[in-house]
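J.: After the structure tokens below, expect a handful of questions from me.
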Amino acid sequence: MNLKDYPRRFYAIDQFCQPPCYELIGQSFRFIMDGGYDYELKITGKETCQWNKVGEEPENANYDCRKADDTTYLLNYDLVKTLNTPKRVNHLYVIDMEQRLVTMVRCYIGDNPKFPLLVRSEYDFGAIEAEGKELPFKRHCFTGDMMGTTVEWHWNTEMWTQHFYNSPAYYRITWPQDSSATQNIGGNFEVLPASDEISQYVKIKDNMYLYCLTEEMMERIMGDKSPFRSNNMIFLQNYDRMYHCGRTFGSVTHDGKTMPCRVNFGSFGNPVRLDPEWMTAENPFTV
């Protein structure tokens, strides 16, 4: 028997997910941010943390943490919805212990009256305070390093997709016919003028990037005609080891009901050659 073909549960994009990381339990951080508000984060258990803006009362949250390399952590949590915070909100940090730097991404769902499921993202850069040490003056930063890069990402034993990082604000996706992506997600993209979607790229260190995409065009054009609504997917990509870890924050529609979409994922990649005509095609969503 070929064990690759052994019967198993249906694998989605989480088959190659990195294991949860508990190394930060008991640690406290103060993030000095350029956006004007500093943040404190305390890891209290395997799933629990406390966070607050400096000077405000701590709030509890359930977090998830994964590692991109030996000293770089991707940690995120959802805020508890209250009367004061009616939107769905997610905080994500890249905690870079080697350089004592931090990138924070805050994502919101529910503040666009025309498209209430659209995800809006805010980016903030800063440094990690350490007693007796000066703050680093360097920062993680938006980058164009990845422009022109093509990668085939393998999400499970049957599905792989091909990314083309074609502009500082967009990316483009396709897949070969032998990938299960053809059946699982291909139909949605056939309705769209193109597969280009909103993206941002942040350099963390040499050969490591935070890549952030939001399925905005699909939501604006298809709405509830697609089961995949406006999902924000954030990948911490390690090009030395050729894998990434990440999470989704968004919504899906199933059996007529719209529900939160929160998945941790991972995949491994390899370079790929793509059709030059497809790569050079114009983005129909931009002037």
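Identifiers for the structure tokens are assigned positionally: chains receive A, B, ... in sequence, residues are indexed from 1 per chain, and ligands are indexed from 1 in the order shown.
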At a cut-off of 9 Å, using only C-alpha atoms, what residues contact Phe164 in chain A? Leave out same-chain residues fewer than 6 positions from it and give the result as a tab-separated table (two decimals) with all heavy atoms, in the first residue's frame.

T.:
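Everything below was put into part-v6.tsv:
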chain	number	residue	atom	x	y	z
A	147	MET	N	8.47	41.71	-5.42
A	147	MET	CA	7.85	41.91	-6.72
A	147	MET	C	8.51	41.05	-7.79
A	147	MET	O	9.74	41.01	-7.90
A	147	MET	CB	7.94	43.38	-7.14
A	147	MET	CG	7.24	44.37	-6.19
A	147	MET	SD	5.51	44.01	-5.86
A	147	MET	CE	5.60	43.15	-4.28
A	148	GLY	N	7.70	40.34	-8.54
A	148	GLY	CA	8.19	39.43	-9.57
A	148	GLY	C	8.38	38.00	-9.10
A	148	GLY	O	8.67	37.12	-9.92
A	149	THR	N	8.21	37.75	-7.80
A	149	THR	CA	8.41	36.41	-7.24
A	149	THR	C	7.23	35.51	-7.58
A	149	THR	O	6.07	35.92	-7.51
A	149	THR	CB	8.57	36.49	-5.71
A	149	THR	OG1	9.72	37.28	-5.42
A	149	THR	CG2	8.75	35.11	-5.11
A	150	THR	N	7.53	34.27	-7.96
A	150	THR	CA	6.50	33.25	-8.21
A	150	THR	C	6.79	32.05	-7.33
A	150	THR	O	7.92	31.57	-7.29
A	150	THR	CB	6.46	32.82	-9.69
A	150	THR	OG1	7.77	32.37	-10.08
A	150	THR	CG2	6.05	33.99	-10.58
A	151	VAL	N	5.77	31.57	-6.63
A	151	VAL	CA	5.93	30.43	-5.72
A	151	VAL	C	4.73	29.52	-5.85
A	151	VAL	O	3.59	29.97	-5.95
A	151	VAL	CB	6.06	30.88	-4.25
A	151	VAL	CG1	6.38	29.69	-3.36
A	151	VAL	CG2	7.12	31.96	-4.09
A	171	TYR	N	-1.71	40.87	-5.50
A	171	TYR	CA	-1.07	39.62	-5.89
A	171	TYR	C	-1.99	38.93	-6.87
A	171	TYR	O	-3.14	39.34	-7.08
A	171	TYR	CB	-0.78	38.74	-4.67
A	171	TYR	CG	-1.84	37.69	-4.37
A	171	TYR	CD1	-1.56	36.33	-4.50
A	171	TYR	CD2	-3.13	38.07	-3.98
A	171	TYR	CE1	-2.53	35.38	-4.23
A	171	TYR	CE2	-4.10	37.11	-3.72
A	171	TYR	CZ	-3.80	35.77	-3.84
A	171	TYR	OH	-4.76	34.82	-3.58
A	172	ARG	N	-1.51	37.86	-7.47
A	172	ARG	CA	-2.27	37.12	-8.48
A	172	ARG	C	-2.13	35.64	-8.17
A	172	ARG	O	-1.05	35.18	-7.79
A	172	ARG	CB	-1.71	37.46	-9.87
A	172	ARG	CG	-2.53	36.99	-11.04
A	172	ARG	CD	-2.02	37.67	-12.32
A	172	ARG	NE	-2.36	39.11	-12.33
A	172	ARG	CZ	-2.00	39.95	-13.29
A	172	ARG	NH1	-1.27	39.51	-14.32
A	172	ARG	NH2	-2.35	41.22	-13.24
A	173	ILE	N	-3.21	34.86	-8.34
A	173	ILE	CA	-3.20	33.44	-8.00
A	173	ILE	C	-3.70	32.60	-9.17
A	173	ILE	O	-4.58	33.03	-9.92
A	173	ILE	CB	-4.06	33.17	-6.74
A	173	ILE	CG1	-3.93	31.71	-6.29
A	173	ILE	CG2	-5.51	33.54	-6.98
A	173	ILE	CD1	-4.63	31.41	-4.97
A	174	THR	N	-3.10	31.42	-9.32
A	174	THR	CA	-3.58	30.42	-10.27
A	174	THR	C	-3.21	29.05	-9.71
A	174	THR	O	-2.68	28.93	-8.61
A	174	THR	CB	-3.00	30.63	-11.69
A	174	THR	OG1	-3.64	29.75	-12.60
A	174	THR	CG2	-1.49	30.39	-11.71
A	274	LEU	N	5.65	30.34	-14.56
A	274	LEU	CA	4.27	30.59	-14.94
A	274	LEU	C	4.20	31.20	-16.34
A	274	LEU	O	5.19	31.73	-16.85
A	274	LEU	CB	3.61	31.53	-13.91
A	274	LEU	CG	3.56	30.99	-12.47
A	274	LEU	CD1	2.97	32.04	-11.54
A	274	LEU	CD2	2.77	29.70	-12.39
A	279	MET	N	1.25	36.45	-16.52
A	279	MET	CA	1.96	37.32	-15.58
A	279	MET	C	1.93	38.78	-16.02
A	279	MET	O	1.93	39.68	-15.19
A	279	MET	CB	3.40	36.83	-15.40
A	279	MET	CG	3.51	35.49	-14.73
A	279	MET	SD	5.21	34.83	-14.71
A	279	MET	CE	6.04	36.08	-13.72

J.: So which residues touch Cys141 in chain A within 9 Å, counting only C-alpha atoms, skipping near sequence neighbours fewer than 6 positions away, as a PyMOL selection string?

T.: chain A and resi 103+125+201-204

J.: Store the residues of this selection in a file with N, CA and C atoms, as a short mmCIF file (atom, residue, chain, number, x, y, z; two decimals), in the first residue's frame.

T.:
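Saved as out03.cif:
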data_model
loop_
_atom_site.label_atom_id
_atom_site.label_comp_id
_atom_site.auth_asym_id
_atom_site.auth_seq_id
_atom_site.Cartn_x
_atom_site.Cartn_y
_atom_site.Cartn_z
N THR A 103 5.95 44.04 14.54
CA THR A 103 4.95 44.55 13.61
C THR A 103 3.58 44.15 14.13
N PHE A 125 4.31 49.72 13.31
CA PHE A 125 5.66 49.19 13.49
C PHE A 125 6.25 49.74 14.77
N TYR A 201 3.03 43.92 1.72
CA TYR A 201 4.25 43.14 1.93
C TYR A 201 5.15 43.88 2.93
N VAL A 202 5.57 43.17 3.97
CA VAL A 202 6.40 43.77 5.01
C VAL A 202 7.67 42.93 5.16
N LYS A 203 8.82 43.58 5.10
CA LYS A 203 10.09 42.87 5.31
C LYS A 203 10.36 42.76 6.79
N ILE A 204 10.54 41.52 7.27
CA ILE A 204 10.87 41.28 8.67
C ILE A 204 12.38 41.18 8.84
#

J.: Show me, as an MDAnalysis selection string, the residues that have an atom within 9 Å of Pro19 in chain A when counting only C-alpha atoms, minus same-chain residues fewer than 4 positions from it.

T.: chainID A and resid 65:67

J.: Taking the DSSP assignment computed from this structure's backbone, write out as a PyMOL selection string all residues of range 9-248 of chain A that belong to strand (DSSP E or B).

T.: chain A and resi 28-33+39-43+48-53+59-69+72-78+88-96+101-109+119-128+141-142+150-154+160-167+170-174+197-205+208-214+228+232-238+243-248

J.: Measure the distance from CA of Glu129 in chain A to CA of Arg30 in chain A in Å and round it to one decimal.

T.: 5.6 Å

J.: Quick one: of A:Ala12, A:Ile25, A:Leu79, A:Val105, who's nearest to Glu59 in chain A, counting only C-alpha atoms?

T.: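 Result for the nearest residue to Glu59 in chain A: A:Leu79.
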
J.: Need the shell around Asn184 in chain A: protein/DNA/RNA residues with any atom at most 12 Å away, counting only C-alpha atoms. Skip same-chain ones fewer than 5 positions apart. Format as a list in words?

T.: Phe10, Tyr11, Ala12, Ile13, Glu158, Met159, Trp160, Thr161, Trp175, Gln177, Ser179, Phe189, Ser226, Pro227 and Phe228 of chain A

J.: Which residues, written as an mmCIF file with N, CA, C and O atoms, in the first residue's frame, have at least one atom at most 12 Å from Met146 in chain A, with only C-alpha atoms counted and residues fewer than 6 positions away on the same chain left out?

T.:
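Writing done, so here's part_13.cif:
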data_model
loop_
_atom_site.group_PDB
_atom_site.id
_atom_site.type_symbol
_atom_site.label_atom_id
_atom_site.label_comp_id
_atom_site.auth_asym_id
_atom_site.auth_seq_id
_atom_site.Cartn_x
_atom_site.Cartn_y
_atom_site.Cartn_z
ATOM 1 N N HIS A 163 1.303 31.494 -6.550
ATOM 2 C CA HIS A 163 1.212 32.933 -6.308
ATOM 3 C C HIS A 163 2.185 33.685 -7.201
ATOM 4 O O HIS A 163 3.317 33.253 -7.396
ATOM 5 N N PHE A 164 1.741 34.840 -7.684
ATOM 6 C CA PHE A 164 2.608 35.782 -8.379
ATOM 7 C C PHE A 164 2.477 37.118 -7.666
ATOM 8 O O PHE A 164 1.397 37.712 -7.624
ATOM 9 N N TYR A 165 3.566 37.576 -7.065
ATOM 10 C CA TYR A 165 3.563 38.840 -6.339
ATOM 11 C C TYR A 165 3.911 39.935 -7.341
ATOM 12 O O TYR A 165 5.071 40.209 -7.617
ATOM 13 N N ASN A 166 2.847 40.537 -7.897
ATOM 14 C CA ASN A 166 2.995 41.332 -9.113
ATOM 15 C C ASN A 166 2.989 42.841 -8.896
ATOM 16 O O ASN A 166 3.290 43.590 -9.818
ATOM 17 N N SER A 167 2.629 43.303 -7.685
ATOM 18 C CA SER A 167 2.657 44.750 -7.444
ATOM 19 C C SER A 167 2.679 44.977 -5.940
ATOM 20 O O SER A 167 2.332 44.078 -5.167
ATOM 21 N N PRO A 168 3.056 46.178 -5.493
ATOM 22 C CA PRO A 168 3.096 46.448 -4.058
ATOM 23 C C PRO A 168 1.726 46.428 -3.386
ATOM 24 O O PRO A 168 1.649 46.427 -2.158
ATOM 25 N N ALA A 169 0.644 46.429 -4.161
ATOM 26 C CA ALA A 169 -0.696 46.488 -3.587
ATOM 27 C C ALA A 169 -1.581 45.309 -3.973
ATOM 28 O O ALA A 169 -2.720 45.222 -3.503
ATOM 29 N N TYR A 170 -1.068 44.392 -4.826
ATOM 30 C CA TYR A 170 -1.878 43.270 -5.296
ATOM 31 C C TYR A 170 -1.016 42.017 -5.413
ATOM 32 O O TYR A 170 0.214 42.069 -5.419
ATOM 33 N N TYR A 171 -1.715 40.873 -5.499
ATOM 34 C CA TYR A 171 -1.066 39.624 -5.892
ATOM 35 C C TYR A 171 -1.994 38.926 -6.872
ATOM 36 O O TYR A 171 -3.144 39.338 -7.078
ATOM 37 N N SER A 199 -3.116 43.291 -1.502
ATOM 38 C CA SER A 199 -2.015 42.706 -0.743
ATOM 39 C C SER A 199 -1.118 43.789 -0.171
ATOM 40 O O SER A 199 -1.053 44.907 -0.696
ATOM 41 N N GLN A 200 -0.411 43.435 0.898
ATOM 42 C CA GLN A 200 0.641 44.266 1.471
ATOM 43 C C GLN A 200 1.828 43.355 1.780
ATOM 44 O O GLN A 200 1.637 42.173 2.109
ATOM 45 N N TYR A 201 3.028 43.916 1.718
ATOM 46 C CA TYR A 201 4.246 43.144 1.926
ATOM 47 C C TYR A 201 5.145 43.884 2.929
ATOM 48 O O TYR A 201 5.447 45.062 2.750
ATOM 49 N N VAL A 202 5.566 43.175 3.971
ATOM 50 C CA VAL A 202 6.404 43.770 5.012
ATOM 51 C C VAL A 202 7.667 42.933 5.157
ATOM 52 O O VAL A 202 7.588 41.702 5.311
ATOM 53 N N LYS A 203 8.823 43.584 5.101
ATOM 54 C CA LYS A 203 10.085 42.868 5.305
ATOM 55 C C LYS A 203 10.362 42.760 6.793
ATOM 56 O O LYS A 203 10.436 43.770 7.500
ATOM 57 N N ASP A 206 16.134 39.470 6.383
ATOM 58 C CA ASP A 206 16.538 38.870 5.117
ATOM 59 C C ASP A 206 15.815 37.545 4.914
ATOM 60 O O ASP A 206 15.839 36.657 5.782
ATOM 61 N N ASN A 207 15.147 37.405 3.779
ATOM 62 C CA ASN A 207 14.455 36.176 3.375
ATOM 63 C C ASN A 207 13.270 35.822 4.261
ATOM 64 O O ASN A 207 12.820 34.676 4.258
ATOM 65 N N MET A 208 12.722 36.791 4.993
ATOM 66 C CA MET A 208 11.488 36.565 5.755
ATOM 67 C C MET A 208 10.572 37.778 5.565
ATOM 68 O O MET A 208 10.986 38.915 5.781
ATOM 69 N N TYR A 209 9.329 37.486 5.174
ATOM 70 C CA TYR A 209 8.380 38.551 4.854
ATOM 71 C C TYR A 209 7.014 38.235 5.446
ATOM 72 O O TYR A 209 6.598 37.073 5.520
ATOM 73 N N LEU A 210 6.322 39.288 5.866
ATOM 74 C CA LEU A 210 4.927 39.191 6.254
ATOM 75 C C LEU A 210 4.111 39.585 5.032
ATOM 76 O O LEU A 210 4.178 40.728 4.573
ATOM 77 N N TYR A 211 3.376 38.623 4.504
ATOM 78 C CA TYR A 211 2.572 38.846 3.309
ATOM 79 C C TYR A 211 1.097 38.811 3.718
ATOM 80 O O TYR A 211 0.645 37.855 4.348
ATOM 81 N N GLN A 237 6.295 34.355 5.880
ATOM 82 C CA GLN A 237 6.970 33.495 4.911
ATOM 83 C C GLN A 237 8.472 33.454 5.175
ATOM 84 O O GLN A 237 9.128 34.493 5.247
ATOM 85 N N TYR A 239 11.752 32.232 3.463
ATOM 86 C CA TYR A 239 12.270 31.774 2.175
ATOM 87 C C TYR A 239 13.585 31.017 2.312
ATOM 88 O O TYR A 239 14.060 30.437 1.331
#

J.: Point out the residue among A:Ser28, A:Thr157, A:Glu215, A:Arg220 with the least atom-to-atom distance to Asp178 in chain A, counting only C-alpha atoms.

T.: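 Answer, going by the shortest atom-to-atom distance: A:Thr157.
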
J.: DSSP on the backbone, alpha helix (DSSP H) only: what residues of range 190-252 of chain A does that give? Format it as a ChimeraX atom specification.

T.: /A:190-191,216-222

J.: When you look at Glu122 in chain A with a cut-off of 10 Å (counting only C-alpha atoms), what residues show up, excluding the ones that are within fewer than 6 positions of it in the same chain? I need them as a PyMOL selection string.

T.: chain A and resi 35+91+104-108

J.: Rank A:Thr286, A:Thr280, A:Asn264, A:Asn84 by their smallest atom-to-atom distance to Cys17 in chain A, using only C-alpha atoms, and report the top residue only.

T.: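 Among A:Thr286, A:Thr280, A:Asn264, A:Asn84, it is A:Asn264 that comes nearest to Cys17 in chain A.
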